[in-house]
Every structure is written in C-alpha cells, then in structure tokens.
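Contents: one structure, followed by commentary.
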Amino acid sequence: MLKIQNILFMFLFLLTSACQAATPLPNLTPAEGEEFTLAAGQSATVSASTLTVKLVGVTEDGRCPSEVTCAESGPVSIAVTVQAGNEEPMEINLRTFTDYQGRTPEMEFEGMQDRIEYKGYLIRVISVLPYPVNLEDKIEAGEYRVTFMVTKA
C-alpha cells in the first residue's frame with residue numbers, strides 16, 4: 001500500500017510541476033548606446049532613464065532563406081511596446097531588411113521603419129535572428145531574438 005501511495009504522490013507532483021508557467025525572462029538594464037537582445041515577452045529598461053522597450057514578437061518574416069535562391073528577399077516585421085515611466089505603453093510596428101547574419105543595414109530604406117523616435121530617444125533594430133535557412137524548417141515565435149539599441153535622439 002505504501003508503494004502505491006508513493007507512486008501516486010510522485011505522479012501528482014510531476015503533474016502539477018509540468019503545469020506551472022515557465023520562468024519569466026529577466027528585465028534587462030542596458031546602458032544608453034549599448035546593444036541588447038530580447039526574446040518575445042522580454043523587456044529592457046535603459047539605465048539612467050525610464051524608457052522601457054518590450055518585444056511583443058516577430059509578426060512576419062519574409063526574408064529569403066539562405067539555402068534558397070530568390071528573386072528578392074522581403075522584410076521582417078517586429079512588434080514592440082515602448083513606455084516612458086508610468087505612461088501608458090505604446091505599441092509600434094517596425095519593418096526592416098537584414099543580411100544573412102540577421103543584421104539590419106545602417107541606412108534607412110524608403111517604406112521601411114527599423115527605427116523610431118520616442119520621448120527624445122532613438123530606438124533602432126540592430127538584428128533579427130535566427131535567419132531562415134530553408135523552406136521546410138519554420139522558425140517558431142519563441143526562437144526569435146531581436147537586438148536593439150537606444151540612443152538620445
């Protein structure tokens with residue numbers, strides 16, 4: 001009887017442990033002008049300011065996979081929220097091209113918005129990883145990592 005109780009206890013313990021939410025990602029505190037990388041749902045508050053950037057997620061990825069020959073490569077779209085202090089967060093959508101290493105170009109492209117001015121700061125997308133490799137392997141939402149930089153505007 002004792003063995004059955006132990007087995008039942010272990011089963012219930014494992015069942016409740018499996019149902020617990022994943023550990024939240026830490027809030028980062030990069031310095032102004034320092035690159036920082038976020039996963040979906042993760043935030044960064046720029047030190048010496050009250051500006052917080054949160055990656056909502058990558059909403060579209062039209063980049064040509066590296067193992068495929070394409071006539072052209074499309075953009076990648078990113079949703080973020082930005083917030084200054086206790087103000088209401090504002091959701092913005094950014095779009096950019098990247099190279100095969102996921103890095104965005106320094107120059108701005110017409111019709112693309114890889115940066116935004118907000119409350120005296122310039123928030124810019126630096127890179128989006130992973131870069132698609134082929135058509136068969138879909139990148140899951142939780143796999144994306146987006147690197148940003150915040151500087152004074």
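Quick note on naming: the chains in the structure tokens go A, B, ... in the order shown, residues restart at 1 in each chain, and ligands are numbered from 1 in order of appearance.
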Per residue of region 31-69 of chain A within 12 Å of region 92-111 of chain A, which atom pair is closest and at what distance in Å (one decimal), using only C-alpha atoms, listed by chain and increasing number, as JSON lines?
```
{"residue": "A:Val53", "atom": "CA", "partner": "A:Ile92", "partner_atom": "CA", "distance": 10.4}
{"residue": "A:Lys54", "atom": "CA", "partner": "A:Ile92", "partner_atom": "CA", "distance": 10.3}
{"residue": "A:Leu55", "atom": "CA", "partner": "A:Ile92", "partner_atom": "CA", "distance": 10.0}
{"residue": "A:Val56", "atom": "CA", "partner": "A:Ile92", "partner_atom": "CA", "distance": 9.6}
{"residue": "A:Gly57", "atom": "CA", "partner": "A:Asn93", "partner_atom": "CA", "distance": 9.9}
{"residue": "A:Val58", "atom": "CA", "partner": "A:Leu94", "partner_atom": "CA", "distance": 9.5}
{"residue": "A:Thr59", "atom": "CA", "partner": "A:Asn93", "partner_atom": "CA", "distance": 8.9}
{"residue": "A:Glu60", "atom": "CA", "partner": "A:Arg95", "partner_atom": "CA", "distance": 9.0}
{"residue": "A:Asp61", "atom": "CA", "partner": "A:Arg95", "partner_atom": "CA", "distance": 9.6}
{"residue": "A:Gly62", "atom": "CA", "partner": "A:Phe97", "partner_atom": "CA", "distance": 9.1}
{"residue": "A:Arg63", "atom": "CA", "partner": "A:Phe97", "partner_atom": "CA", "distance": 7.5}
{"residue": "A:Cys64", "atom": "CA", "partner": "A:Tyr100", "partner_atom": "CA", "distance": 9.0}
{"residue": "A:Pro65", "atom": "CA", "partner": "A:Tyr100", "partner_atom": "CA", "distance": 8.4}
{"residue": "A:Ser66", "atom": "CA", "partner": "A:Tyr100", "partner_atom": "CA", "distance": 6.7}
{"residue": "A:Glu67", "atom": "CA", "partner": "A:Tyr100", "partner_atom": "CA", "distance": 10.4}
{"residue": "A:Val68", "atom": "CA", "partner": "A:Tyr100", "partner_atom": "CA", "distance": 11.7}
```
Every residue of chain A that DSSP places in alpha helix (DSSP H), as a count of residues only
17
List every residue of chain A that DSSP, applied to the backbone, labels as strand (DSSP E), and write the result as JSON, numbers by chain.
{"A": [36, 37, 38, 39, 43, 44, 45, 51, 52, 53, 54, 55, 56, 57, 58, 59, 60, 61, 76, 77, 78, 79, 80, 81, 82, 83, 84, 90, 91, 92, 93, 94, 95, 96, 115, 116, 117, 118, 121, 122, 123, 124, 125, 126, 127, 128, 129, 145, 146, 147, 148, 149, 150, 151, 152]}
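Considering the residues A:Arg145, A:Lys138, A:Lys152, A:Arg115 and counting only C-alpha atoms, Gln42 (chain A) has its shortest atom-to-atom contact with A:Arg145.
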Given the choices A:Met90, A:Ala31, A:Leu129, A:Val46, which gets closest to Glu143 (chain A) if the distance is worked out from only C-alpha atoms?
A:Leu129
Selected residue, from A:Ser127, A:Thr29, A:Ser77, A:Asn86, that lies nearest to Ser43 (chain A) when counting only C-alpha atoms:
A:Thr29
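Put simply, CA of Leu122 (chain A) is 10.2 Å away from CA of Phe148 (chain A).
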CA of Val125 (chain A) and CA of Val80 (chain A) are how many Å apart?
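Between CA of Val125 (chain A) and CA of Val80 (chain A) the gap is 10.6 Å.
Near Ile139 (chain A), within 9 Å and counting only C-alpha atoms, sit Pro130, Tyr131 and Pro132 of chain A; same-chain residues fewer than 6 positions away were not included.
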With N, CA, C and O atoms retained, export the selected residues as a JSON list (two decimals), in the first residue's frame.
```
[["chain", "number", "residue", "atom", "x", "y", "z"],
["A", 130, "PRO", "N", 16.77, 33.92, -35.41],
["A", 130, "PRO", "CA", 17.64, 33.34, -36.41],
["A", 130, "PRO", "C", 17.23, 33.77, -37.82],
["A", 130, "PRO", "O", 16.09, 34.20, -38.03],
["A", 131, "TYR", "N", 18.16, 33.63, -38.74],
["A", 131, "TYR", "CA", 17.86, 33.89, -40.14],
["A", 131, "TYR", "C", 17.31, 32.59, -40.72],
["A", 131, "TYR", "O", 17.82, 31.51, -40.43],
["A", 132, "PRO", "N", 16.24, 32.65, -41.55],
["A", 132, "PRO", "CA", 15.70, 31.41, -42.12],
["A", 132, "PRO", "C", 16.74, 30.69, -42.99],
["A", 132, "PRO", "O", 17.48, 31.34, -43.73]]
```
For each of A:Leu51, A:Ile116, A:Leu38, A:Leu25, take the minimum atom-to-atom distance to Thr147 (chain A), counting only C-alpha atoms, then give the residue where this is smallest.
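For Thr147 (chain A), the nearest of the given residues is A:Leu38.
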Which residues are close to Gly85 (chain A), i.e. within 9 Å by only C-alpha atoms, leaving aside same-chain residues fewer than 2 positions away? Reply as a list in words.
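Neighbouring residues, sequence-local ones excluded: Ser49, Thr50, Leu51, Thr52, Gln83, Glu87 and Glu88 of chain A.
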Could you tell me how far CA of Gly142 (chain A) sits from CA of Thr37 (chain A), in Å to one decimal place?
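Those two atoms sit 13.3 Å apart.
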